[in-house]
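**Student:** Just dropping this structure here.
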Amino acid sequence: MEIKRDIYLNQIISYMWDGQIKVITGIRRCGKSYLLRILFRNYLLSEGTPEEHILSYELDLARDIRFRNPLELARAVREKVEGQASQYYLFVDEIQMSDEVPNPYNPSGRKITFYDALNDLKSLPNLDIYVTGSNSKMLSSDILTEFRGRSDEIRVHPLSFSEYYAAVGGDKSDAFDNYAFYGGMPLILSRPNETAKMNYLKSLFSEVYLKDIIERKKIKREDVLSATLDMLCSSIGSLTNPTNIAKSLNSRRQLSGESTVSENTVTSYIGHLSDAYLFEECHRYDVKGRNYFNYPNKYYCVDIGLRNARIGFRQQEMTHIMENIIYNELRIRGCEVDIGVVYSNEANSTGQPSKVAREIDFIATRGSRKTYIQSAYALETEEKIITENKPFGLTGDFFPKIIVRHDIRKRWYDEQGILNIGILDFLLDEQIV
């Protein structure tokens, strides 16, 4: 089964031969390699590129293990490309597996890294370079410094619902129910039954993600990393922070006589989970004050199926699951996403005026366009409708406002110009937001 990933393929095609190193990032097993080595490779072949002009190295495989040495990689590529008149393409998969090696000309000096190898190869005028990686710190923040603005990043996510539905077809509601349970990791589509799907998702944590983090970051408190992960999975859509997580973990440990956990350790481990693209932190933003709050914030899992698997497919509360799916969809569409905070003056229990904070689930920003979005599983009463609409009226601006709902099918606008739209309609119409 071929899964179309046109949004990413078109990005790659638009960057061809622009003089930059193309860096394809995202969580492991989300389809980066498939995008590069199948979809983009097929595109190149269809355009007449000779197969032998596509050089491919997979650093997570034993057969290419020697190319984890950046000097070996640079040497092998130069031998094939340098001095040739034809154009070549270099694919390096899972570049974070590359090793740092001593400089043979200065063993006590700075070690040679994959940045050095790729910067060296970038000087070849007949070579276009593409790499994939699964660590955001290595491949986003550091790469901007090391490549000094000479790289393009293509961020790949697990399947969006529209990609998922294009592959499975059938009844849209049934497809959404399965998507909300198993998520959009591409290999889910090839698993033959429910048990196989569940086992696959569970194994990704134990055999891939946690092992990667533990080995690369030399984690000493594996139990704390695991417990922090469980807490984040249980609290999607809820405000939290490292302090609260540490307190919760310590309250349990005191009962069992285990050693306590520091807030700094939890903060560090959340950072590792974010670097591995498992979670994203969504910050709270004061709409009128135009400033961000430090804490608390929300954390969303990059794939709802992974989250569900981690907690044993319990806690199937659709309000939070739907909110996580909407957040991921906005990120796939290239939006920066914040949680909106607005204030109203309301009477307190004694009748005195009081400043009350109201929350807008998402502020989605792309370029100069901003959209306010509320996620509402169902609005059965007039009171709930008023509650969801109220924060929109406190923004003081006229940017589009949307309520995404599970309980309607046909979209409509209310008297305030707020769009009410069903979740399926929202996910399948990429022109919205």
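Lettering and numbering for the structure tokens are positional, with chains as A, B, ... in the shown order, residues counted from 1 in each chain, and ligands counted from 1 in the shown order.
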Would you list the contacts of range 385-389 of chain A as a list in words, taking every protein, DNA or RNA residue within 12 Å and counting only C-alpha atoms, but skipping same-chain residues closer than 5 positions in sequence?
**Tutor:**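 These residues fall inside the cut-off: Arg358, Glu359, Ile360, Asp361, Tyr372, Ile373, Gln374, Ser375, Ala376, Tyr377, Ala378, Leu379, Glu380, Leu394, Thr395, Lys401, Ile402, Ile403, Val404, Arg405, Asp414, Glu415, Gln416, Gly417, Ile418, Leu419 and Asn420 of chain A.
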**Student:** Just the number, please: distance in Å from CA of Tyr105 in chain A to CA of Ile21 in chain A, one decimal.
**Tutor:**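 Going from CA of Tyr105 in chain A over to CA of Ile21 in chain A covers 26.6 Å.
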**Student:** Name all residues at most 12 Å from Gln96 in chain A (count only C-alpha atoms; drop same-chain ones fewer than 2 positions away) and give them as a PDB file with N, CA, C and O atoms, in the first residue's frame.
**Tutor:**
```pdb
ATOM      1  N   VAL A  23      16.966  18.859   5.717  1.00  0.00           N
ATOM      2  CA  VAL A  23      16.922  18.085   6.951  1.00  0.00           C
ATOM      3  C   VAL A  23      15.479  17.674   7.214  1.00  0.00           C
ATOM      4  O   VAL A  23      14.621  18.518   7.472  1.00  0.00           O
ATOM      5  N   ILE A  24      15.192  16.378   7.133  1.00  0.00           N
ATOM      6  CA  ILE A  24      13.844  15.856   7.316  1.00  0.00           C
ATOM      7  C   ILE A  24      13.742  15.302   8.730  1.00  0.00           C
ATOM      8  O   ILE A  24      14.405  14.315   9.072  1.00  0.00           O
ATOM      9  N   THR A  25      12.962  15.950   9.564  1.00  0.00           N
ATOM     10  CA  THR A  25      12.924  15.608  10.979  1.00  0.00           C
ATOM     11  C   THR A  25      11.558  15.043  11.374  1.00  0.00           C
ATOM     12  O   THR A  25      10.560  15.214  10.672  1.00  0.00           O
ATOM     13  N   GLY A  26      11.528  14.395  12.528  1.00  0.00           N
ATOM     14  CA  GLY A  26      10.284  13.854  13.057  1.00  0.00           C
ATOM     15  C   GLY A  26      10.538  12.618  13.888  1.00  0.00           C
ATOM     16  O   GLY A  26      11.634  12.037  13.863  1.00  0.00           O
ATOM     17  N   ARG A  28      10.725   8.874  15.246  1.00  0.00           N
ATOM     18  CA  ARG A  28      11.070   7.645  14.546  1.00  0.00           C
ATOM     19  C   ARG A  28       9.811   6.865  14.191  1.00  0.00           C
ATOM     20  O   ARG A  28       8.858   6.820  14.954  1.00  0.00           O
ATOM     21  N   GLU A  58      21.907   4.232   5.392  1.00  0.00           N
ATOM     22  CA  GLU A  58      20.979   4.101   6.522  1.00  0.00           C
ATOM     23  C   GLU A  58      21.788   3.798   7.782  1.00  0.00           C
ATOM     24  O   GLU A  58      22.188   2.661   8.012  1.00  0.00           O
ATOM     25  N   LEU A  59      22.009   4.825   8.578  1.00  0.00           N
ATOM     26  CA  LEU A  59      22.927   4.696   9.706  1.00  0.00           C
ATOM     27  C   LEU A  59      22.375   3.860  10.852  1.00  0.00           C
ATOM     28  O   LEU A  59      23.134   3.479  11.755  1.00  0.00           O
ATOM     29  N   ASP A  60      21.071   3.554  10.828  1.00  0.00           N
ATOM     30  CA  ASP A  60      20.521   2.702  11.880  1.00  0.00           C
ATOM     31  C   ASP A  60      20.608   1.220  11.527  1.00  0.00           C
ATOM     32  O   ASP A  60      20.196   0.368  12.320  1.00  0.00           O
ATOM     33  N   ARG A  68      28.730   5.581  10.111  1.00  0.00           N
ATOM     34  CA  ARG A  68      28.485   6.430  11.276  1.00  0.00           C
ATOM     35  C   ARG A  68      29.719   7.283  11.583  1.00  0.00           C
ATOM     36  O   ARG A  68      29.616   8.317  12.235  1.00  0.00           O
ATOM     37  N   ASN A  69      30.852   6.827  11.126  1.00  0.00           N
ATOM     38  CA  ASN A  69      32.076   7.630  11.192  1.00  0.00           C
ATOM     39  C   ASN A  69      31.957   8.700  10.109  1.00  0.00           C
ATOM     40  O   ASN A  69      31.952   8.391   8.915  1.00  0.00           O
ATOM     41  N   PRO A  70      31.851   9.976  10.473  1.00  0.00           N
ATOM     42  CA  PRO A  70      31.632  11.019   9.462  1.00  0.00           C
ATOM     43  C   PRO A  70      32.753  11.120   8.439  1.00  0.00           C
ATOM     44  O   PRO A  70      32.509  11.500   7.293  1.00  0.00           O
ATOM     45  N   VAL A  92      20.994  10.415   3.638  1.00  0.00           N
ATOM     46  CA  VAL A  92      21.553   9.850   4.864  1.00  0.00           C
ATOM     47  C   VAL A  92      20.420   9.726   5.873  1.00  0.00           C
ATOM     48  O   VAL A  92      19.843  10.731   6.310  1.00  0.00           O
ATOM     49  N   ASP A  93      20.098   8.475   6.231  1.00  0.00           N
ATOM     50  CA  ASP A  93      18.964   8.201   7.100  1.00  0.00           C
ATOM     51  C   ASP A  93      19.399   8.088   8.561  1.00  0.00           C
ATOM     52  O   ASP A  93      20.414   7.454   8.860  1.00  0.00           O
ATOM     53  N   GLU A  94      18.635   8.702   9.471  1.00  0.00           N
ATOM     54  CA  GLU A  94      18.881   8.700  10.923  1.00  0.00           C
ATOM     55  C   GLU A  94      20.287   9.221  11.243  1.00  0.00           C
ATOM     56  O   GLU A  94      21.122   8.563  11.843  1.00  0.00           O
ATOM     57  N   SER A  98      25.078   9.118  13.867  1.00  0.00           N
ATOM     58  CA  SER A  98      26.474   9.380  13.527  1.00  0.00           C
ATOM     59  C   SER A  98      27.315   9.564  14.791  1.00  0.00           C
ATOM     60  O   SER A  98      26.849  10.096  15.797  1.00  0.00           O
ATOM     61  N   ASP A  99      28.561   9.107  14.726  1.00  0.00           N
ATOM     62  CA  ASP A  99      29.472   9.211  15.869  1.00  0.00           C
ATOM     63  C   ASP A  99      30.348  10.465  15.763  1.00  0.00           C
ATOM     64  O   ASP A  99      30.562  11.006  14.669  1.00  0.00           O
ATOM     65  N   GLU A 100      30.852  10.897  16.903  1.00  0.00           N
ATOM     66  CA  GLU A 100      31.919  11.891  16.919  1.00  0.00           C
ATOM     67  C   GLU A 100      33.245  11.157  16.976  1.00  0.00           C
ATOM     68  O   GLU A 100      33.403  10.235  17.780  1.00  0.00           O
ATOM     69  N   THR A 113      32.408  15.776  13.611  1.00  0.00           N
ATOM     70  CA  THR A 113      31.007  15.377  13.708  1.00  0.00           C
ATOM     71  C   THR A 113      30.390  15.306  12.315  1.00  0.00           C
ATOM     72  O   THR A 113      31.014  15.674  11.311  1.00  0.00           O
ATOM     73  N   PHE A 114      29.135  14.871  12.278  1.00  0.00           N
ATOM     74  CA  PHE A 114      28.456  14.802  10.985  1.00  0.00           C
ATOM     75  C   PHE A 114      28.252  16.194  10.398  1.00  0.00           C
ATOM     76  O   PHE A 114      28.144  16.349   9.178  1.00  0.00           O
ATOM     77  N   TYR A 115      28.227  17.236  11.254  1.00  0.00           N
ATOM     78  CA  TYR A 115      28.147  18.595  10.721  1.00  0.00           C
ATOM     79  C   TYR A 115      29.343  18.879   9.819  1.00  0.00           C
ATOM     80  O   TYR A 115      29.209  19.472   8.754  1.00  0.00           O
ATOM     81  N   VAL A 131      19.032  14.614   4.532  1.00  0.00           N
ATOM     82  CA  VAL A 131      19.252  13.768   5.703  1.00  0.00           C
ATOM     83  C   VAL A 131      17.961  13.683   6.512  1.00  0.00           C
ATOM     84  O   VAL A 131      17.134  14.593   6.484  1.00  0.00           O
ATOM     85  N   THR A 132      17.784  12.565   7.227  1.00  0.00           N
ATOM     86  CA  THR A 132      16.666  12.453   8.155  1.00  0.00           C
ATOM     87  C   THR A 132      17.220  12.297   9.557  1.00  0.00           C
ATOM     88  O   THR A 132      18.332  11.789   9.755  1.00  0.00           O
ATOM     89  N   GLY A 133      16.430  12.720  10.533  1.00  0.00           N
ATOM     90  CA  GLY A 133      16.862  12.569  11.916  1.00  0.00           C
ATOM     91  C   GLY A 133      15.706  12.637  12.878  1.00  0.00           C
ATOM     92  O   GLY A 133      14.652  13.197  12.563  1.00  0.00           O
ATOM     93  N   SER A 134      15.898  12.062  14.062  1.00  0.00           N
ATOM     94  CA  SER A 134      14.814  11.922  15.037  1.00  0.00           C
ATOM     95  C   SER A 134      15.136  12.566  16.365  1.00  0.00           C
ATOM     96  O   SER A 134      14.657  12.133  17.403  1.00  0.00           O
ATOM     97  N   ASN A 135      15.952  13.590  16.347  1.00  0.00           N
ATOM     98  CA  ASN A 135      16.271  14.290  17.592  1.00  0.00           C
ATOM     99  C   ASN A 135      16.246  15.781  17.326  1.00  0.00           C
ATOM    100  O   ASN A 135      17.079  16.301  16.586  1.00  0.00           O
ATOM    101  N   SER A 136      15.296  16.483  17.922  1.00  0.00           N
ATOM    102  CA  SER A 136      15.087  17.887  17.585  1.00  0.00           C
ATOM    103  C   SER A 136      16.240  18.771  18.040  1.00  0.00           C
ATOM    104  O   SER A 136      16.586  19.737  17.375  1.00  0.00           O
ATOM    105  N   LYS A 137      16.852  18.466  19.187  1.00  0.00           N
ATOM    106  CA  LYS A 137      17.936  19.315  19.671  1.00  0.00           C
ATOM    107  C   LYS A 137      19.126  19.245  18.738  1.00  0.00           C
ATOM    108  O   LYS A 137      19.761  20.246  18.415  1.00  0.00           O
ATOM    109  N   MET A 138      19.413  18.025  18.271  1.00  0.00           N
ATOM    110  CA  MET A 138      20.541  17.856  17.361  1.00  0.00           C
ATOM    111  C   MET A 138      20.238  18.434  15.986  1.00  0.00           C
ATOM    112  O   MET A 138      21.101  19.001  15.328  1.00  0.00           O
ATOM    113  N   LEU A 139      18.989  18.310  15.563  1.00  0.00           N
ATOM    114  CA  LEU A 139      18.684  18.606  14.170  1.00  0.00           C
ATOM    115  C   LEU A 139      17.881  19.878  13.957  1.00  0.00           C
ATOM    116  O   LEU A 139      17.501  20.183  12.856  1.00  0.00           O
ATOM    117  N   SER A 140      17.617  20.627  15.016  1.00  0.00           N
ATOM    118  CA  SER A 140      16.931  21.900  14.819  1.00  0.00           C
ATOM    119  C   SER A 140      17.764  23.044  15.370  1.00  0.00           C
ATOM    120  O   SER A 140      18.273  23.863  14.631  1.00  0.00           O
ATOM    121  N   ASP A 142      20.805  23.001  17.083  1.00  0.00           N
ATOM    122  CA  ASP A 142      22.229  22.923  16.780  1.00  0.00           C
ATOM    123  C   ASP A 142      22.515  23.099  15.299  1.00  0.00           C
ATOM    124  O   ASP A 142      23.501  23.707  14.906  1.00  0.00           O
ATOM    125  N   ILE A 143      21.657  22.538  14.460  1.00  0.00           N
ATOM    126  CA  ILE A 143      21.945  22.560  13.036  1.00  0.00           C
ATOM    127  C   ILE A 143      21.899  23.990  12.490  1.00  0.00           C
ATOM    128  O   ILE A 143      22.623  24.336  11.567  1.00  0.00           O
ATOM    129  N   ASP A 212      16.259   4.573  22.824  1.00  0.00           N
ATOM    130  CA  ASP A 212      17.031   5.644  22.192  1.00  0.00           C
ATOM    131  C   ASP A 212      17.417   6.712  23.209  1.00  0.00           C
ATOM    132  O   ASP A 212      18.574   7.139  23.286  1.00  0.00           O
ATOM    133  N   ILE A 213      16.425   7.168  23.971  1.00  0.00           N
ATOM    134  CA  ILE A 213      16.673   8.247  24.929  1.00  0.00           C
ATOM    135  C   ILE A 213      17.628   7.782  26.028  1.00  0.00           C
ATOM    136  O   ILE A 213      18.571   8.491  26.395  1.00  0.00           O
ATOM    137  N   ARG A 216      21.220   7.361  24.450  1.00  0.00           N
ATOM    138  CA  ARG A 216      21.857   8.582  23.964  1.00  0.00           C
ATOM    139  C   ARG A 216      22.087   9.586  25.085  1.00  0.00           C
ATOM    140  O   ARG A 216      23.106  10.282  25.119  1.00  0.00           O
ATOM    141  N   ASP A 275      12.650  16.426  22.733  1.00  0.00           N
ATOM    142  CA  ASP A 275      13.701  16.338  21.720  1.00  0.00           C
ATOM    143  C   ASP A 275      13.488  15.159  20.785  1.00  0.00           C
ATOM    144  O   ASP A 275      13.854  15.203  19.605  1.00  0.00           O
ATOM    145  N   ALA A 276      12.905  14.079  21.305  1.00  0.00           N
ATOM    146  CA  ALA A 276      12.638  12.885  20.502  1.00  0.00           C
ATOM    147  C   ALA A 276      11.317  13.010  19.739  1.00  0.00           C
ATOM    148  O   ALA A 276      10.870  12.035  19.132  1.00  0.00           O
TER     149      ALA A 276
END
```
**Student:** Each residue of range 72-108 of chain A lying at most 9 Å from range 37-52 of chain A should get a row with its shortest atom-to-atom pair and the distance in Å to one decimal, counting only C-alpha atoms; could you produce that, ordered by chain and increasing number, as a tab-separated table?
**Tutor:**
```
residue	atom	partner	partner_atom	distance
A:Gln87	CA	A:Thr49	CA	8.5
A:Tyr88	CA	A:Thr49	CA	8.6
A:Phe91	CA	A:Arg37	CA	7.7
A:Asp93	CA	A:Arg37	CA	8.9
```
**Student:** Output N, CA and C atoms for every residue in that selection, as an mmCIF file, in the first residue's frame.
**Tutor:**
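Written output follows (part39.cif):
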```cif
data_model
loop_
_atom_site.group_PDB
_atom_site.id
_atom_site.type_symbol
_atom_site.label_atom_id
_atom_site.label_comp_id
_atom_site.auth_asym_id
_atom_site.auth_seq_id
_atom_site.Cartn_x
_atom_site.Cartn_y
_atom_site.Cartn_z
ATOM 1 N N GLN A 87 24.835 15.112 -12.025
ATOM 2 C CA GLN A 87 24.310 15.480 -10.720
ATOM 3 C C GLN A 87 24.031 14.226 -9.882
ATOM 4 N N TYR A 88 24.300 14.338 -8.576
ATOM 5 C CA TYR A 88 24.079 13.228 -7.648
ATOM 6 C C TYR A 88 23.214 13.703 -6.481
ATOM 7 N N PHE A 91 21.330 10.631 0.207
ATOM 8 C CA PHE A 91 20.356 10.396 1.270
ATOM 9 C C PHE A 91 21.085 9.787 2.459
ATOM 10 N N ASP A 93 20.098 8.475 6.231
ATOM 11 C CA ASP A 93 18.964 8.201 7.100
ATOM 12 C C ASP A 93 19.399 8.088 8.561
#
```
**Student:** Taking the DSSP secondary structure from the backbone, can you list the residues of range 289-428 of chain A that are strand (DSSP E), as a PyMOL selection string?
**Tutor:** chain A and resi 291-292+298-301+336-347+353-366+369-376+401-405+412-413+419-422
**Student:** Just how far from CA of His272 in chain A is CA of Asn119 in chain A, in Å to one decimal?
**Tutor:** 26.6 Å
**Student:** Name the residues of range 26-223 of chain A that come out as alpha helix (DSSP H) in a backbone DSSP run; write them as a VMD selection string.
**Tutor:** chain A and resid 32 to 34 41 to 46 70 to 81 114 to 122 136 142 to 146 161 to 168 172 to 182 194 to 203 210 to 217 222 to 223
**Student:** Export, as a PDB file, in the first residue's frame, the selected residues with C-alpha atoms.
**Tutor:**
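Output below, filename result_34.pdb:
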```pdb
ATOM      1  CA  LYS A  32      10.638  10.006   7.123  1.00  0.00           C
ATOM      2  CA  SER A  33      12.585   7.198   5.475  1.00  0.00           C
ATOM      3  CA  TYR A  34       9.580   6.188   3.368  1.00  0.00           C
ATOM      4  CA  ARG A  41      13.370   8.457  -4.899  1.00  0.00           C
ATOM      5  CA  ASN A  42      10.501   7.407  -7.191  1.00  0.00           C
ATOM      6  CA  TYR A  43       9.999  11.034  -8.146  1.00  0.00           C
ATOM      7  CA  LEU A  44      13.679  11.399  -9.076  1.00  0.00           C
ATOM      8  CA  LEU A  45      13.610   8.193 -11.122  1.00  0.00           C
ATOM      9  CA  SER A  46      10.454   9.343 -12.917  1.00  0.00           C
ATOM     10  CA  PRO A  70      31.632  11.019   9.462  1.00  0.00           C
ATOM     11  CA  LEU A  71      35.071  10.791   7.873  1.00  0.00           C
ATOM     12  CA  GLU A  72      34.175   7.444   6.284  1.00  0.00           C
ATOM     13  CA  LEU A  73      30.905   8.881   4.995  1.00  0.00           C
ATOM     14  CA  ALA A  74      32.564  11.952   3.478  1.00  0.00           C
ATOM     15  CA  ARG A  75      35.305   9.825   1.906  1.00  0.00           C
ATOM     16  CA  ALA A  76      32.892   7.342   0.328  1.00  0.00           C
ATOM     17  CA  VAL A  77      30.689  10.050  -1.155  1.00  0.00           C
ATOM     18  CA  ARG A  78      33.581  12.118  -2.504  1.00  0.00           C
ATOM     19  CA  GLU A  79      35.014   9.073  -4.267  1.00  0.00           C
ATOM     20  CA  LYS A  80      31.777   8.665  -6.222  1.00  0.00           C
ATOM     21  CA  VAL A  81      30.848  12.295  -6.866  1.00  0.00           C
ATOM     22  CA  PHE A 114      28.456  14.802  10.985  1.00  0.00           C
ATOM     23  CA  TYR A 115      28.147  18.595  10.721  1.00  0.00           C
ATOM     24  CA  ASP A 116      31.743  18.692   9.482  1.00  0.00           C
ATOM     25  CA  ALA A 117      31.133  15.877   7.001  1.00  0.00           C
ATOM     26  CA  LEU A 118      27.994  17.446   5.549  1.00  0.00           C
ATOM     27  CA  ASN A 119      29.515  20.925   5.374  1.00  0.00           C
ATOM     28  CA  ASP A 120      32.438  19.385   3.494  1.00  0.00           C
ATOM     29  CA  LEU A 121      30.179  17.524   1.052  1.00  0.00           C
ATOM     30  CA  LYS A 122      27.992  20.592   0.599  1.00  0.00           C
ATOM     31  CA  SER A 136      15.087  17.887  17.585  1.00  0.00           C
ATOM     32  CA  ASP A 142      22.229  22.923  16.780  1.00  0.00           C
ATOM     33  CA  ILE A 143      21.945  22.560  13.036  1.00  0.00           C
ATOM     34  CA  LEU A 144      21.009  26.210  12.640  1.00  0.00           C
ATOM     35  CA  THR A 145      24.282  27.121  14.317  1.00  0.00           C
ATOM     36  CA  GLU A 146      26.506  24.497  12.726  1.00  0.00           C
ATOM     37  CA  PHE A 161      -6.576  12.093   9.433  1.00  0.00           C
ATOM     38  CA  SER A 162      -6.916  13.092   5.769  1.00  0.00           C
ATOM     39  CA  GLU A 163      -3.832  11.002   4.871  1.00  0.00           C
ATOM     40  CA  TYR A 164      -5.129   8.139   6.989  1.00  0.00           C
ATOM     41  CA  TYR A 165      -8.597   8.255   5.432  1.00  0.00           C
ATOM     42  CA  ALA A 166      -7.192   8.464   1.901  1.00  0.00           C
ATOM     43  CA  ALA A 167      -5.442   5.146   2.607  1.00  0.00           C
ATOM     44  CA  VAL A 168      -8.241   3.254   4.396  1.00  0.00           C
ATOM     45  CA  LYS A 172     -15.653   8.406   7.705  1.00  0.00           C
ATOM     46  CA  SER A 173     -16.992   8.075  11.237  1.00  0.00           C
ATOM     47  CA  ASP A 174     -15.662   4.537  11.585  1.00  0.00           C
ATOM     48  CA  ALA A 175     -12.300   5.682  10.224  1.00  0.00           C
ATOM     49  CA  PHE A 176     -12.172   8.535  12.746  1.00  0.00           C
ATOM     50  CA  ASP A 177     -13.012   6.208  15.640  1.00  0.00           C
ATOM     51  CA  ASN A 178     -10.107   3.941  14.635  1.00  0.00           C
ATOM     52  CA  TYR A 179      -7.805   6.931  14.128  1.00  0.00           C
ATOM     53  CA  ALA A 180      -8.696   8.322  17.567  1.00  0.00           C
ATOM     54  CA  PHE A 181      -7.849   4.925  19.092  1.00  0.00           C
ATOM     55  CA  TYR A 182      -4.813   3.702  17.098  1.00  0.00           C
ATOM     56  CA  GLU A 194      -6.451  -5.086  16.787  1.00  0.00           C
ATOM     57  CA  THR A 195      -4.026  -7.095  18.907  1.00  0.00           C
ATOM     58  CA  ALA A 196      -1.230  -6.603  16.381  1.00  0.00           C
ATOM     59  CA  LYS A 197      -1.898  -2.853  16.243  1.00  0.00           C
ATOM     60  CA  MET A 198      -1.821  -2.534  20.039  1.00  0.00           C
ATOM     61  CA  ASN A 199       1.338  -4.603  20.402  1.00  0.00           C
ATOM     62  CA  TYR A 200       3.103  -2.603  17.696  1.00  0.00           C
ATOM     63  CA  LEU A 201       2.356   0.717  19.370  1.00  0.00           C
ATOM     64  CA  LYS A 202       3.397  -0.560  22.793  1.00  0.00           C
ATOM     65  CA  SER A 203       6.670  -1.934  21.400  1.00  0.00           C
ATOM     66  CA  LEU A 210      12.814   4.865  25.435  1.00  0.00           C
ATOM     67  CA  LYS A 211      15.867   2.822  24.446  1.00  0.00           C
ATOM     68  CA  ASP A 212      17.031   5.644  22.192  1.00  0.00           C
ATOM     69  CA  ILE A 213      16.673   8.247  24.929  1.00  0.00           C
ATOM     70  CA  ILE A 214      18.225   6.072  27.654  1.00  0.00           C
ATOM     71  CA  GLU A 215      21.252   5.180  25.532  1.00  0.00           C
ATOM     72  CA  ARG A 216      21.857   8.582  23.964  1.00  0.00           C
ATOM     73  CA  LYS A 217      21.239  10.643  27.104  1.00  0.00           C
ATOM     74  CA  GLU A 222      14.892   4.962  33.963  1.00  0.00           C
ATOM     75  CA  ASP A 223      11.993   4.523  36.360  1.00  0.00           C
TER      76      ASP A 223
END
```
**Student:** Any idea what's packed within 9 Å of range 263-268 of chain A, counting only C-alpha atoms, ignoring anything in its chain fewer than 2 positions away? Could you give it as a PyMOL selection string?
**Tutor:** chain A and resi 221+224-225+228+241-247+261+270-273
**Student:** Can you spit out the residues from that selection as a short mmCIF file (atom, residue, chain, number, x, y, z; two decimals), in the first residue's frame, using N, CA, C and O atoms?
**Tutor:**
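The resulting selection_4.cif:
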```
data_model
loop_
_atom_site.label_atom_id
_atom_site.label_comp_id
_atom_site.auth_asym_id
_atom_site.auth_seq_id
_atom_site.Cartn_x
_atom_site.Cartn_y
_atom_site.Cartn_z
N ARG A 221 17.98 7.36 35.88
CA ARG A 221 16.71 7.05 36.54
C ARG A 221 15.68 6.64 35.49
O ARG A 221 14.77 7.40 35.15
N VAL A 224 12.12 6.94 36.60
CA VAL A 224 11.56 8.29 36.63
C VAL A 224 11.19 8.74 35.21
O VAL A 224 10.15 9.37 35.00
N LEU A 225 12.03 8.42 34.24
CA LEU A 225 11.71 8.74 32.85
C LEU A 225 10.40 8.08 32.45
O LEU A 225 9.52 8.72 31.85
N THR A 228 7.47 9.76 34.27
CA THR A 228 7.20 11.08 33.69
C THR A 228 6.43 10.94 32.39
O THR A 228 5.47 11.69 32.13
N ASN A 241 2.90 21.21 34.94
CA ASN A 241 4.28 21.70 34.86
C ASN A 241 5.18 20.71 35.58
O ASN A 241 4.71 19.80 36.28
N PRO A 242 6.50 20.82 35.40
CA PRO A 242 7.42 19.87 36.04
C PRO A 242 7.28 19.82 37.55
O PRO A 242 7.46 18.76 38.15
N THR A 243 6.95 20.96 38.18
CA THR A 243 6.79 20.97 39.64
C THR A 243 5.65 20.05 40.07
O THR A 243 5.81 19.24 41.00
N ASN A 244 4.53 20.18 39.41
CA ASN A 244 3.37 19.34 39.75
C ASN A 244 3.64 17.87 39.49
O ASN A 244 3.23 17.00 40.26
N ILE A 245 4.34 17.60 38.38
CA ILE A 245 4.66 16.20 38.06
C ILE A 245 5.59 15.62 39.11
O ILE A 245 5.40 14.50 39.59
N ALA A 246 6.61 16.39 39.51
CA ALA A 246 7.55 15.92 40.54
C ALA A 246 6.82 15.67 41.86
O ALA A 246 7.07 14.67 42.54
N LYS A 247 5.92 16.59 42.24
CA LYS A 247 5.17 16.41 43.49
C LYS A 247 4.32 15.15 43.44
O LYS A 247 4.24 14.39 44.41
N VAL A 261 12.26 12.54 43.75
CA VAL A 261 12.62 13.01 42.42
C VAL A 261 12.66 14.53 42.44
O VAL A 261 11.74 15.18 42.94
N ILE A 270 11.48 15.67 30.57
CA ILE A 270 10.49 16.19 29.65
C ILE A 270 11.18 16.75 28.41
O ILE A 270 10.72 16.56 27.28
N GLY A 271 12.31 17.40 28.62
CA GLY A 271 13.09 17.91 27.50
C GLY A 271 13.54 16.80 26.56
O GLY A 271 13.50 16.93 25.33
N HIS A 272 13.98 15.67 27.13
CA HIS A 272 14.41 14.54 26.31
C HIS A 272 13.24 13.98 25.50
O HIS A 272 13.41 13.62 24.32
N LEU A 273 12.07 13.89 26.11
CA LEU A 273 10.89 13.38 25.40
C LEU A 273 10.47 14.33 24.29
O LEU A 273 10.01 13.90 23.22
#
```
